[in-house]
file start-v3.cif (mmCIF, C-alpha atoms)
data_coords
loop_
_atom_site.group_PDB
_atom_site.id
_atom_site.type_symbol
_atom_site.label_atom_id
_atom_site.label_comp_id
_atom_site.auth_asym_id
_atom_site.auth_seq_id
_atom_site.Cartn_x
_atom_site.Cartn_y
_atom_site.Cartn_z
ATOM 1 C CA MET A 109 74.424 146.378 98.734
ATOM 2 C CA SER A 110 76.313 143.148 99.360
ATOM 3 C CA LYS A 111 73.042 141.441 100.200
ATOM 4 C CA LYS A 112 71.467 142.559 96.896
ATOM 5 C CA LEU A 113 74.488 141.298 95.007
ATOM 6 C CA LYS A 114 74.193 137.960 96.810
ATOM 7 C CA GLU A 115 70.530 137.733 95.919
ATOM 8 C CA ALA A 116 71.330 138.489 92.266
ATOM 9 C CA PHE A 117 73.858 135.652 92.213
ATOM 10 C CA ILE A 118 71.531 133.220 93.989
ATOM 11 C CA ALA A 119 68.703 133.960 91.569
ATOM 12 C CA LYS A 120 70.922 132.971 88.640
ATOM 13 C CA MET A 121 72.505 130.042 90.458
ATOM 14 C CA ASP A 122 69.261 128.600 91.688
ATOM 15 C CA VAL A 123 68.942 124.918 90.955
ATOM 16 C CA LYS A 124 66.036 122.722 91.952
ATOM 17 C CA THR A 125 66.580 119.179 93.141
ATOM 18 C CA SER A 126 64.936 116.375 91.217
ATOM 19 C CA PRO A 127 61.563 115.085 92.526
ATOM 20 C CA ASP A 128 63.028 111.871 93.927
ATOM 21 C CA PHE A 129 66.046 113.565 95.531
ATOM 22 C CA ASP A 130 64.918 112.868 99.103
ATOM 23 C CA SER A 131 63.685 109.322 98.456
ATOM 24 C CA GLN A 132 66.979 108.461 96.724
ATOM 25 C CA PHE A 133 68.933 109.764 99.691
ATOM 26 C CA PHE A 134 66.937 107.803 102.262
ATOM 27 C CA LYS A 135 67.327 104.631 100.194
ATOM 28 C CA LYS A 136 71.107 105.146 100.276
ATOM 29 C CA LEU A 137 70.905 105.807 104.006
ATOM 30 C CA GLU A 138 69.041 102.527 104.581
ATOM 31 C CA LYS A 139 71.743 100.668 102.633
ATOM 32 C CA GLU A 140 74.380 102.354 104.777
ATOM 33 C CA LYS A 141 72.574 101.295 107.956
ATOM 34 C CA ALA A 142 72.194 97.714 106.684
ATOM 35 C CA ARG A 143 75.895 97.593 105.851
ATOM 36 C CA LYS A 144 76.776 98.624 109.382
ATOM 37 C CA THR A 145 74.428 96.187 111.157
ATOM 38 C CA SER A 146 75.278 93.140 108.980
ATOM 39 C CA ARG A 147 78.546 92.615 110.812
ATOM 40 C CA LEU A 148 78.434 89.925 113.489
ATOM 41 C CA PHE A 149 81.198 91.457 115.525
ATOM 42 C CA SER A 150 82.625 94.902 115.777
ATOM 43 C CA PRO A 151 85.925 95.414 113.922
ATOM 44 C CA ASN A 152 87.905 95.552 117.195
ATOM 45 C CA LEU A 153 86.427 92.282 118.404
ATOM 46 C CA THR A 154 87.137 90.666 115.038
ATOM 47 C CA TRP A 155 90.789 91.706 115.252
ATOM 48 C CA LEU A 156 91.027 90.429 118.839
ATOM 49 C CA ILE A 157 89.640 87.012 117.962
ATOM 50 C CA SER A 158 91.841 86.714 114.845
ATOM 51 C CA GLY A 159 94.935 87.746 116.809
ATOM 52 C CA CYS A 160 94.279 85.217 119.568
ATOM 53 C CA ALA A 161 93.677 82.458 117.045
ATOM 54 C CA THR A 162 96.938 83.257 115.222
ATOM 55 C CA LEU A 163 98.934 83.360 118.445
ATOM 56 C CA SER A 164 97.428 80.038 119.559
ATOM 57 C CA VAL A 165 98.437 78.340 116.332
ATOM 58 C CA LEU A 166 101.975 79.707 116.604
ATOM 59 C CA PHE A 167 102.200 78.620 120.246
ATOM 60 C CA ILE A 168 101.097 75.057 119.429
ATOM 61 C CA ALA A 169 103.473 74.860 116.460
ATOM 62 C CA ILE A 170 106.423 76.041 118.540
ATOM 63 C CA ASN A 171 105.659 73.660 121.388
ATOM 64 C CA SER A 172 105.198 70.676 119.071
ATOM 65 C CA TYR A 173 108.491 71.160 117.344
ATOM 66 C CA GLU A 174 111.209 68.672 118.250
ATOM 67 C CA ALA A 175 114.743 69.286 117.158
ATOM 68 C CA PRO A 176 116.132 66.261 115.228
ATOM 69 C CA LYS A 177 118.076 64.016 117.622
ATOM 70 C CA LYS A 178 121.314 62.353 116.779
ATOM 71 C CA ALA A 179 120.564 58.822 115.473
ATOM 72 C CA PRO A 180 121.806 56.115 117.890
ATOM 73 C CA PHE A 181 124.811 54.207 116.621
ATOM 74 C CA HIS A 182 124.114 50.487 116.281
ATOM 75 C CA HIS A 183 127.502 48.850 116.361
ATOM 76 C CA LYS A 184 126.427 45.308 115.592
ATOM 77 C CA GLU A 185 124.471 46.255 112.508
ATOM 78 C CA TYR A 186 127.331 48.416 111.344
ATOM 79 C CA VAL A 187 129.853 45.574 111.598
ATOM 80 C CA GLU A 188 127.542 43.147 109.793
ATOM 81 C CA ALA A 189 127.047 45.681 106.999
ATOM 82 C CA VAL A 190 130.790 46.133 106.626
ATOM 83 C CA ILE A 191 131.331 42.386 106.479
ATOM 84 C CA ASP A 192 128.636 42.060 103.810
ATOM 85 C CA VAL A 193 130.248 44.743 101.720
ATOM 86 C CA GLN A 194 133.668 43.187 102.124
ATOM 87 C CA ASN A 195 132.378 39.739 101.193
ATOM 88 C CA SER A 196 130.663 40.981 98.099
ATOM 89 C CA PHE A 197 133.798 42.813 97.116
ATOM 90 C CA ASP A 198 135.930 39.725 97.623
ATOM 91 C CA ASP A 199 133.511 37.661 95.559
ATOM 92 C CA SER A 200 133.628 40.081 92.699
ATOM 93 C CA VAL A 201 137.419 40.168 92.757
ATOM 94 C CA THR A 202 137.617 36.320 92.724
ATOM 95 C CA ASN A 203 135.246 36.162 89.761
ATOM 96 C CA ASP A 204 137.205 38.777 87.904
ATOM 97 C CA ASN A 205 140.487 36.897 88.424
ATOM 98 C CA ALA A 206 138.964 33.640 87.153
ATOM 99 C CA SER A 207 137.746 35.296 83.973
ATOM 100 C CA ASP A 208 141.078 37.026 83.427
ATOM 101 C CA THR A 209 142.942 33.708 83.855
ATOM 102 C CA ALA A 210 140.554 32.120 81.445
ATOM 103 C CA ASP A 211 141.354 34.785 78.932
ATOM 104 C CA LEU A 212 145.091 34.191 79.266
ATOM 105 C CA THR A 213 144.765 30.503 78.416
ATOM 106 C CA ILE A 214 145.606 30.102 74.834
ATOM 107 C CA SER A 215 143.863 27.195 73.172
ATOM 108 C CA PRO A 216 145.543 25.507 70.311
ATOM 109 C CA ALA A 217 142.489 26.229 68.264
ATOM 110 C CA ASN A 218 143.080 29.942 68.593
ATOM 111 C CA GLU A 219 146.765 29.807 67.641
ATOM 112 C CA ILE A 220 147.503 31.675 64.539
ATOM 113 C CA MET B 268 58.988 118.241 116.942
ATOM 114 C CA ASN B 269 58.507 121.616 118.680
ATOM 115 C CA LYS B 270 61.355 120.804 120.997
ATOM 116 C CA LEU B 271 63.641 120.147 118.017
ATOM 117 C CA GLN B 272 62.785 123.485 116.465
ATOM 118 C CA THR B 273 64.329 125.334 119.407
ATOM 119 C CA LEU B 274 67.580 123.404 119.320
ATOM 120 C CA THR B 275 70.732 124.678 117.641
ATOM 121 C CA ASP B 276 72.497 122.757 114.896
ATOM 122 C CA ASN B 277 75.192 121.690 117.350
ATOM 123 C CA GLN B 278 72.606 120.317 119.765
ATOM 124 C CA LEU B 279 70.792 118.451 117.002
ATOM 125 C CA MET B 280 74.044 116.919 115.817
ATOM 126 C CA LEU B 281 74.921 115.868 119.352
ATOM 127 C CA MET B 282 71.530 114.197 119.772
ATOM 128 C CA PHE B 283 72.174 112.322 116.559
ATOM 129 C CA ALA B 284 75.775 111.404 117.416
ATOM 130 C CA GLN B 285 75.126 110.299 121.001
ATOM 131 C CA GLU B 286 71.553 108.981 120.931
ATOM 132 C CA ASP B 287 71.248 108.063 117.232
ATOM 133 C CA ASP B 288 68.247 110.390 117.027
ATOM 134 C CA GLN B 289 67.168 110.014 113.401
ATOM 135 C CA ILE B 290 64.665 112.881 113.584
ATOM 136 C CA ALA B 291 67.464 115.269 114.580
ATOM 137 C CA PHE B 292 69.556 114.051 111.621
ATOM 138 C CA GLU B 293 66.645 114.497 109.199
ATOM 139 C CA ARG B 294 66.061 117.990 110.504
ATOM 140 C CA LEU B 295 69.655 118.935 109.703
ATOM 141 C CA TYR B 296 69.362 117.267 106.302
ATOM 142 C CA HIS B 297 66.282 119.249 105.303
ATOM 143 C CA LYS B 298 67.761 122.472 106.628
ATOM 144 C CA TYR B 299 70.987 122.335 104.633
ATOM 145 C CA LYS B 300 70.263 120.264 101.541
ATOM 146 C CA GLU B 301 69.352 123.175 99.268
ATOM 147 C CA ALA B 302 72.292 125.347 100.249
ATOM 148 C CA LEU B 303 74.667 122.422 99.775
ATOM 149 C CA MET B 304 72.995 121.709 96.440
ATOM 150 C CA ARG B 305 73.658 125.242 95.162
ATOM 151 C CA PHE B 306 77.236 125.061 96.424
ATOM 152 C CA SER B 307 77.922 121.661 94.830
ATOM 153 C CA TYR B 308 76.231 122.748 91.601
ATOM 154 C CA GLY B 309 78.743 125.581 91.326
ATOM 155 C CA TYR B 310 81.622 123.123 90.913
ATOM 156 C CA THR B 311 80.549 121.589 87.617
ATOM 157 C CA PHE B 312 77.038 122.931 86.883
ATOM 158 C CA ASN B 313 75.882 119.353 86.515
ATOM 159 C CA GLN B 314 72.683 118.732 88.468
ATOM 160 C CA ALA B 315 72.965 114.947 88.749
ATOM 161 C CA ARG B 316 76.533 115.195 89.987
ATOM 162 C CA ALA B 317 75.623 117.924 92.476
ATOM 163 C CA GLU B 318 72.827 115.764 93.897
ATOM 164 C CA GLU B 319 75.249 112.865 94.295
ATOM 165 C CA MET B 320 77.703 115.123 96.123
ATOM 166 C CA VAL B 321 75.015 116.322 98.534
ATOM 167 C CA HIS B 322 73.916 112.736 99.226
ATOM 168 C CA GLU B 323 77.511 111.696 99.804
ATOM 169 C CA THR B 324 78.040 114.638 102.170
ATOM 170 C CA PHE B 325 75.150 113.612 104.389
ATOM 171 C CA LEU B 326 76.148 109.958 104.232
ATOM 172 C CA LYS B 327 79.558 110.978 105.528
ATOM 173 C CA VAL B 328 77.898 112.918 108.346
ATOM 174 C CA TYR B 329 76.061 109.697 109.193
ATOM 175 C CA ARG B 330 79.158 107.507 108.919
ATOM 176 C CA PHE B 331 81.448 109.775 110.905
ATOM 177 C CA LYS B 332 79.018 111.117 113.472
ATOM 178 C CA LYS B 333 81.263 109.853 116.282
ATOM 179 C CA ASN B 334 84.013 112.140 114.956
ATOM 180 C CA TYR B 335 81.940 115.254 115.444
ATOM 181 C CA ASP B 336 83.601 117.659 117.876
ATOM 182 C CA PRO B 337 80.859 119.389 119.891
ATOM 183 C CA ASN B 338 83.242 122.267 120.634
ATOM 184 C CA LYS B 339 83.284 123.210 116.965
ATOM 185 C CA SER B 340 80.597 124.625 114.726
ATOM 186 C CA PHE B 341 78.419 122.024 113.013
ATOM 187 C CA ARG B 342 77.994 124.321 110.016
ATOM 188 C CA THR B 343 81.746 124.602 109.491
ATOM 189 C CA TRP B 344 82.108 120.821 109.794
ATOM 190 C CA LEU B 345 79.281 120.165 107.333
ATOM 191 C CA TRP B 346 80.495 122.666 104.720
ATOM 192 C CA THR B 347 84.039 121.320 105.021
ATOM 193 C CA ILE B 348 82.797 117.795 104.336
ATOM 194 C CA CYS B 349 80.835 119.087 101.344
ATOM 195 C CA LYS B 350 83.788 121.029 99.967
ATOM 196 C CA ASN B 351 86.156 118.060 100.346
ATOM 197 C CA THR B 352 83.644 115.671 98.803
ATOM 198 C CA ASN B 353 83.330 117.913 95.749
ATOM 199 C CA LEU B 354 87.081 118.416 95.427
ATOM 200 C CA ASP B 355 87.754 114.684 95.711
ATOM 201 C CA ALA B 356 85.401 114.095 92.804
ATOM 202 C CA LEU B 357 87.006 116.783 90.674
ATOM 203 C CA ASP B 358 90.255 116.545 88.783
ATOM 204 C CA LYS B 359 92.064 118.893 91.133
ATOM 205 C CA SER B 360 95.140 119.093 88.998
ATOM 206 C CA LYS B 361 93.349 121.058 86.320
ATOM 207 C CA ASN B 362 93.218 124.473 87.876
ATOM 208 C CA TYR B 363 93.570 124.311 91.626
ATOM 209 C CA LYS B 364 96.444 126.681 92.156
ATOM 210 C CA GLU B 365 97.353 128.412 95.371
ATOM 211 C CA GLU B 366 97.128 132.128 94.786
ATOM 212 C CA ASN B 367 99.251 134.899 96.130
ATOM 213 C CA LEU B 368 96.794 136.545 98.494
ATOM 214 C CA GLU B 369 98.717 139.526 99.736
ATOM 215 C CA ASP B 370 96.383 142.111 98.212
ATOM 216 C CA SER B 371 94.963 144.534 100.661
ATOM 217 C CA PHE B 372 91.936 145.297 98.442
ATOM 218 C CA SER B 373 89.086 143.180 99.693
ATOM 219 C CA GLU B 374 85.920 145.110 99.013
ATOM 220 C CA LEU B 375 84.322 146.292 95.812
ATOM 221 C CA PRO B 376 83.164 149.916 96.100
ATOM 222 C CA SER B 377 79.393 150.023 96.440
ATOM 223 C CA GLU B 378 78.858 151.581 92.974
ATOM 224 C CA GLU B 379 80.789 148.729 91.412
ATOM 225 C CA GLU B 380 78.806 146.216 93.419
ATOM 226 C CA GLY B 381 75.642 147.846 92.151
ATOM 227 C CA ALA B 382 76.931 147.676 88.572
ATOM 228 C CA LEU B 383 77.834 144.022 88.997
ATOM 229 C CA GLY B 384 74.395 143.266 90.415
ATOM 230 C CA THR B 385 72.789 144.885 87.344
ATOM 231 C CA LEU B 386 75.050 142.949 84.977
ATOM 232 C CA ILE B 387 74.118 139.701 86.702
ATOM 233 C CA GLU B 388 70.404 140.437 86.528
ATOM 234 C CA GLN B 389 70.685 141.131 82.809
ATOM 235 C CA ALA B 390 72.953 138.230 81.995
ATOM 236 C CA ASP B 391 71.835 134.835 80.762
ATOM 237 C CA LYS B 392 71.984 132.100 83.359
ATOM 238 C CA GLU B 393 74.157 129.948 81.080
ATOM 239 C CA ASP B 394 76.595 132.815 80.446
ATOM 240 C CA LEU B 395 77.018 133.402 84.167
ATOM 241 C CA HIS B 396 77.503 129.694 84.806
ATOM 242 C CA ALA B 397 80.142 129.507 82.065
ATOM 243 C CA ILE B 398 81.978 132.510 83.554
ATOM 244 C CA ILE B 399 81.945 131.093 87.075
ATOM 245 C CA GLN B 400 83.339 127.845 85.719
ATOM 246 C CA THR B 401 86.355 129.687 84.311
ATOM 247 C CA LEU B 402 87.294 131.021 87.760
ATOM 248 C CA GLN B 403 90.091 129.268 89.603
ATOM 249 C CA THR B 404 88.753 126.649 91.985
ATOM 250 C CA SER B 405 89.833 128.567 95.085
ATOM 251 C CA GLN B 406 88.038 131.724 93.902
ATOM 252 C CA ARG B 407 84.981 129.757 92.857
ATOM 253 C CA GLU B 408 84.749 128.008 96.218
ATOM 254 C CA ALA B 409 85.036 131.282 98.087
ATOM 255 C CA LEU B 410 82.382 132.907 95.897
ATOM 256 C CA LEU B 411 80.003 129.945 96.239
ATOM 257 C CA LEU B 412 80.358 129.898 100.006
ATOM 258 C CA TRP B 413 79.873 133.646 100.166
ATOM 259 C CA MET B 414 76.663 133.583 98.126
ATOM 260 C CA ASN B 415 75.133 130.444 99.511
ATOM 261 C CA ASP B 416 74.831 130.829 103.230
ATOM 262 C CA ASP B 417 75.171 133.390 105.963
ATOM 263 C CA LEU B 418 78.652 132.256 106.793
ATOM 264 C CA SER B 419 81.058 134.707 108.341
ATOM 265 C CA PHE B 420 84.482 135.148 106.800
ATOM 266 C CA GLU B 421 85.908 133.401 109.867
ATOM 267 C CA GLU B 422 83.721 130.372 109.219
ATOM 268 C CA MET B 423 84.569 130.458 105.505
ATOM 269 C CA GLY B 424 88.244 130.614 106.449
ATOM 270 C CA ALA B 425 87.885 127.543 108.661
ATOM 271 C CA ILE B 426 86.149 125.661 105.826
ATOM 272 C CA LEU B 427 88.702 126.660 103.185
ATOM 273 C CA ASN B 428 91.645 126.432 105.565
ATOM 274 C CA LYS B 429 92.602 130.038 104.938
ATOM 275 C CA SER B 430 92.637 133.247 106.948
ATOM 276 C CA PRO B 431 89.481 135.392 106.865
ATOM 277 C CA GLN B 432 91.427 138.097 105.024
ATOM 278 C CA ALA B 433 92.566 135.602 102.388
ATOM 279 C CA VAL B 434 88.959 134.519 101.883
ATOM 280 C CA LYS B 435 87.854 138.156 101.492
ATOM 281 C CA ASN B 436 90.509 138.612 98.837
ATOM 282 C CA LEU B 437 89.392 135.493 97.005
ATOM 283 C CA VAL B 438 85.779 136.663 97.001
ATOM 284 C CA HIS B 439 86.888 140.088 95.818
ATOM 285 C CA ARG B 440 88.926 138.638 92.943
ATOM 286 C CA ALA B 441 86.082 136.330 91.986
ATOM 287 C CA LYS B 442 83.645 139.233 91.812
ATOM 288 C CA LEU B 443 86.106 141.251 89.722
ATOM 289 C CA GLY B 444 86.636 138.319 87.394
ATOM 290 C CA VAL B 445 82.904 137.805 86.931
ATOM 291 C CA LYS B 446 82.339 141.526 86.369
ATOM 292 C CA LYS B 447 85.079 141.721 83.751
ATOM 293 C CA GLU B 448 83.741 138.747 81.825
ATOM 294 C CA LEU B 449 80.138 139.946 82.012
ATOM 295 C CA GLU B 450 81.187 143.329 80.617
ATOM 296 C CA LYS B 451 82.962 141.570 77.757
ATOM 297 C CA THR B 452 79.884 139.434 77.174
ATOM 298 C CA LYS B 453 77.719 142.526 77.025
ATOM 299 C CA VAL B 454 80.002 144.017 74.372
ATOM 300 C CA THR B 455 80.485 140.887 72.285
ATOM 301 C CA GLY B 456 77.015 139.454 72.837
ATOM 302 C CA GLY B 457 78.008 136.110 74.304
ATOM 303 C CA VAL B 458 80.647 134.152 76.125
ATOM 304 C CA GLY B 459 83.423 133.435 73.645
#
call {"tool": "encode", "arguments": {"input": "start-v3.cif", "output": "structure tokens"}}
result
Amino acid sequence: MSKKLKEAFIAKMDVKTSPDFDSQFFKKLEKEKARKTSRLFSPNLTWLISGCATLSVLFIAINSYEAPKKAPFHHKEYVEAVIDVQNSFDDSVTNDNASDTADLTISPANEI
Amino acid sequence: MNKLQTLTDNQLMLMFAQEDDQIAFERLYHKYKEALMRFSYGYTFNQARAEEMVHETFLKVYRFKKNYDPNKSFRTWLWTICKNTNLDALDKSKNYKEENLEDSFSELPSEEEGALGTLIEQADKEDLHAIIQTLQTSQREALLLWMNDDLSFEEMGAILNKSPQAVKNLVHRAKLGVKKELEKTKVTGGVG
């Protein structure tokens, strides 16, 4: 009885595939095959090469790095620079004093 | 070709998986395409969509051939791929509910089966399709598997990830649901 019931269902559920059903599938299958073979390397090999390349770059970068060294102290240049600064300061002070003195001189023409 | 005819599905699949034997793969394709088509059609009753689902199922068999476990049934593996492919394409949230399957009733009495068979023969195809579409997805899947291939309840359970008894109950409920709706249709003269 169960078999008859199954057959009754199947008869009403029967659906035919379209005429190009098989050809469409095999076209898709060919695309799938082409997709697989177009890779130059297998995924594992690709990851291996990429990983090695990345590690190499990091290794070179780390080895090339030099920590900044303390600049050597050049005493002579330092002293000369200080003297220059001091001289320029002295000059500016002398000039300032001269102009101030000039200001304090009262000319008869300016007397009220 | 004669040699291939004597091989089991598992052996054909192994030939394909290990030796890339395309003839073995095509043999499996031609053997199962119609059954998978009827099964996929039962999800949405859309022919174009069902054809796409069947194509996608076999493409997945091709893609994942290395994953095939020779200790397991090829049929179960294939139907599981087909079921999952159809479910992935559906909006599962709509009506995929887990049912309480503790009923002990799992068989329609033979008179009722006979009555259901008669109702189905007399019903319009479209009415039956509409009724099957109203079934919950789990019931529909069980019914479609039951009607579409000579799968045992153990195999159906493996495909649906349920116990054989749970699958029997689902099939039973699906049949009852279809019978009830067909009787209503007979009275009212159409699916409302």
call {"tool": "closest_atom_pairs", "arguments": {"input": "start-v3.cif", "of": "chain A", "to": "chain B", "cutoff": "7 Å", "atoms": "all atoms listed in the file", "output": "Markdown table"}}
result
| residue | atom | partner | partner_atom | distance |
| --- | --- | --- | --- | --- |
| A:Met109 | CA | B:Ser377 | CA | 6.6 |
| A:Leu113 | CA | B:Gly384 | CA | 5.0 |
| A:Lys114 | CA | B:Met414 | CA | 5.2 |
| A:Ala116 | CA | B:Gly384 | CA | 6.0 |
| A:Phe117 | CA | B:Ile387 | CA | 6.8 |
| A:Ile118 | CA | B:Met414 | CA | 6.6 |
| A:Lys120 | CA | B:Lys392 | CA | 5.5 |
| A:Met121 | CA | B:Arg305 | CA | 6.8 |
| A:Asp122 | CA | B:Arg305 | CA | 6.5 |
| A:Val123 | CA | B:Arg305 | CA | 6.3 |
| A:Phe133 | CA | B:His322 | CA | 5.8 |
| A:Leu137 | CA | B:Leu326 | CA | 6.7 |
call {"tool": "resolve_selection", "arguments": {"input": "start-v3.cif", "expression": "the PyMOL selection byres ((chain B and resi 434) around 10)", "output": "list in words"}}
result
Leu368, Ser373, Ser405, Gln406, Glu408, Ala409, Leu410, Leu412, Trp413, Phe420, Glu421, Glu422, Met423, Gly424, Ala425, Leu427, Asn428, Lys429, Ser430, Pro431, Gln432, Ala433, Lys435, Asn436, Leu437, Val438, His439 and Arg440 of chain B
call {"tool": "residues_around", "arguments": {"input": "start-v3.cif", "residues": "Lys333 in chain B", "least_positions_apart": "3", "cutoff": "12 Å", "atoms": "only C-alpha atoms", "output": "list in words"}}
result
Met280, Leu281, Met282, Phe283, Ala284, Gln285, Glu286, Asp287, Lys327, Val328, Tyr329, Arg330, Asp336 and Pro337 of chain B
call {"tool": "write_last_selection", "arguments": {"input": "start-v3.cif", "atoms": "C-alpha atoms", "output": "compact mmCIF listing (two decimals), in the frame of the given file"}}
result
# COMPACT_ATOMS: atom_id res chain seq x y z
CA MET B 280 74.04 116.92 115.82
CA LEU B 281 74.92 115.87 119.35
CA MET B 282 71.53 114.20 119.77
CA PHE B 283 72.17 112.32 116.56
CA ALA B 284 75.78 111.40 117.42
CA GLN B 285 75.13 110.30 121.00
CA GLU B 286 71.55 108.98 120.93
CA ASP B 287 71.25 108.06 117.23
CA LYS B 327 79.56 110.98 105.53
CA VAL B 328 77.90 112.92 108.35
CA TYR B 329 76.06 109.70 109.19
CA ARG B 330 79.16 107.51 108.92
CA ASP B 336 83.60 117.66 117.88
CA PRO B 337 80.86 119.39 119.89
call {"tool": "resolve_selection", "arguments": {"input": "start-v3.cif", "expression": "the PyMOL selection byres ((chain B and resi 342-346) around 7)", "output": "MDAnalysis selection string"}}
result
chainID B and resid 340:341 347:350 422 425:426
call {"tool": "closest_residue", "arguments": {"input": "start-v3.cif", "among": "B:Leu274, B:Asp417, B:Lys446, B:Thr401", "to": "Lys111 in chain A", "atoms": "all atoms listed in the file"}}
result
B:Asp417
call {"tool": "atom_distance", "arguments": {"input": "start-v3.cif", "atom1": "CA of Phe331 in chain B", "atom2": "CA of Cys160 in chain A"}}
result
29.0 Å
call {"tool": "atom_distance", "arguments": {"input": "start-v3.cif", "atom1": "CA of His183 in chain A", "atom2": "CA of Asp198 in chain A"}}
result
22.5 Å
call {"tool": "atom_distance", "arguments": {"input": "start-v3.cif", "atom1": "CA of Asp128 in chain A", "atom2": "CA of Gln400 in chain B"}}
result
27.1 Å
call {"tool": "decode", "arguments": {"input": "start-v3.cif", "residues": "range 170-182 of chain A", "atoms": "N, CA, C and O atoms", "output": "PDB file, in the first residue's frame"}}
result
ATOM      1  N   ILE A 170      64.963  44.142  10.215  1.00  0.00           N
ATOM      2  CA  ILE A 170      65.460  44.090  11.601  1.00  0.00           C
ATOM      3  C   ILE A 170      66.980  44.177  11.617  1.00  0.00           C
ATOM      4  O   ILE A 170      67.576  44.907  12.426  1.00  0.00           O
ATOM      5  N   ASN A 171      67.622  43.469  10.701  1.00  0.00           N
ATOM      6  CA  ASN A 171      69.083  43.480  10.670  1.00  0.00           C
ATOM      7  C   ASN A 171      69.658  44.816  10.236  1.00  0.00           C
ATOM      8  O   ASN A 171      70.773  45.176  10.634  1.00  0.00           O
ATOM      9  N   SER A 172      68.913  45.540   9.402  1.00  0.00           N
ATOM     10  CA  SER A 172      69.425  46.826   8.888  1.00  0.00           C
ATOM     11  C   SER A 172      69.259  47.947   9.904  1.00  0.00           C
ATOM     12  O   SER A 172      69.862  49.006   9.775  1.00  0.00           O
ATOM     13  N   TYR A 173      68.437  47.732  10.856  1.00  0.00           N
ATOM     14  CA  TYR A 173      68.137  48.816  11.793  1.00  0.00           C
ATOM     15  C   TYR A 173      69.337  49.095  12.682  1.00  0.00           C
ATOM     16  O   TYR A 173      69.946  48.183  13.233  1.00  0.00           O
ATOM     17  N   GLU A 174      69.681  50.404  12.791  1.00  0.00           N
ATOM     18  CA  GLU A 174      70.739  50.793  13.721  1.00  0.00           C
ATOM     19  C   GLU A 174      70.131  51.741  14.732  1.00  0.00           C
ATOM     20  O   GLU A 174      69.520  52.736  14.357  1.00  0.00           O
ATOM     21  N   ALA A 175      70.353  51.459  15.973  1.00  0.00           N
ATOM     22  CA  ALA A 175      69.841  52.358  17.007  1.00  0.00           C
ATOM     23  C   ALA A 175      70.613  53.676  16.922  1.00  0.00           C
ATOM     24  O   ALA A 175      71.817  53.674  16.618  1.00  0.00           O
ATOM     25  N   PRO A 176      69.953  54.827  17.111  1.00  0.00           N
ATOM     26  CA  PRO A 176      70.652  56.119  17.009  1.00  0.00           C
ATOM     27  C   PRO A 176      71.751  56.218  18.088  1.00  0.00           C
ATOM     28  O   PRO A 176      71.502  55.943  19.261  1.00  0.00           O
ATOM     29  N   LYS A 177      72.977  56.587  17.602  1.00  0.00           N
ATOM     30  CA  LYS A 177      74.092  56.671  18.562  1.00  0.00           C
ATOM     31  C   LYS A 177      74.122  58.069  19.140  1.00  0.00           C
ATOM     32  O   LYS A 177      73.643  59.024  18.532  1.00  0.00           O
ATOM     33  N   LYS A 178      74.748  58.161  20.256  1.00  0.00           N
ATOM     34  CA  LYS A 178      74.913  59.459  20.910  1.00  0.00           C
ATOM     35  C   LYS A 178      75.879  60.264  20.054  1.00  0.00           C
ATOM     36  O   LYS A 178      76.933  59.780  19.669  1.00  0.00           O
ATOM     37  N   ALA A 179      75.479  61.542  19.729  1.00  0.00           N
ATOM     38  CA  ALA A 179      76.335  62.386  18.873  1.00  0.00           C
ATOM     39  C   ALA A 179      77.631  62.720  19.620  1.00  0.00           C
ATOM     40  O   ALA A 179      77.603  63.016  20.820  1.00  0.00           O
ATOM     41  N   PRO A 180      78.782  62.654  18.932  1.00  0.00           N
ATOM     42  CA  PRO A 180      80.048  62.980  19.633  1.00  0.00           C
ATOM     43  C   PRO A 180      80.079  64.457  20.023  1.00  0.00           C
ATOM     44  O   PRO A 180      79.568  65.309  19.300  1.00  0.00           O
ATOM     45  N   PHE A 181      80.660  64.767  21.098  1.00  0.00           N
ATOM     46  CA  PHE A 181      80.709  66.132  21.610  1.00  0.00           C
ATOM     47  C   PHE A 181      81.986  66.802  21.106  1.00  0.00           C
ATOM     48  O   PHE A 181      83.084  66.368  21.414  1.00  0.00           O
ATOM     49  N   HIS A 182      81.792  67.848  20.277  1.00  0.00           N
ATOM     50  CA  HIS A 182      82.962  68.556  19.740  1.00  0.00           C
ATOM     51  C   HIS A 182      83.196  69.792  20.595  1.00  0.00           C
ATOM     52  O   HIS A 182      82.472  70.801  20.472  1.00  0.00           O
TER      53      HIS A 182
END
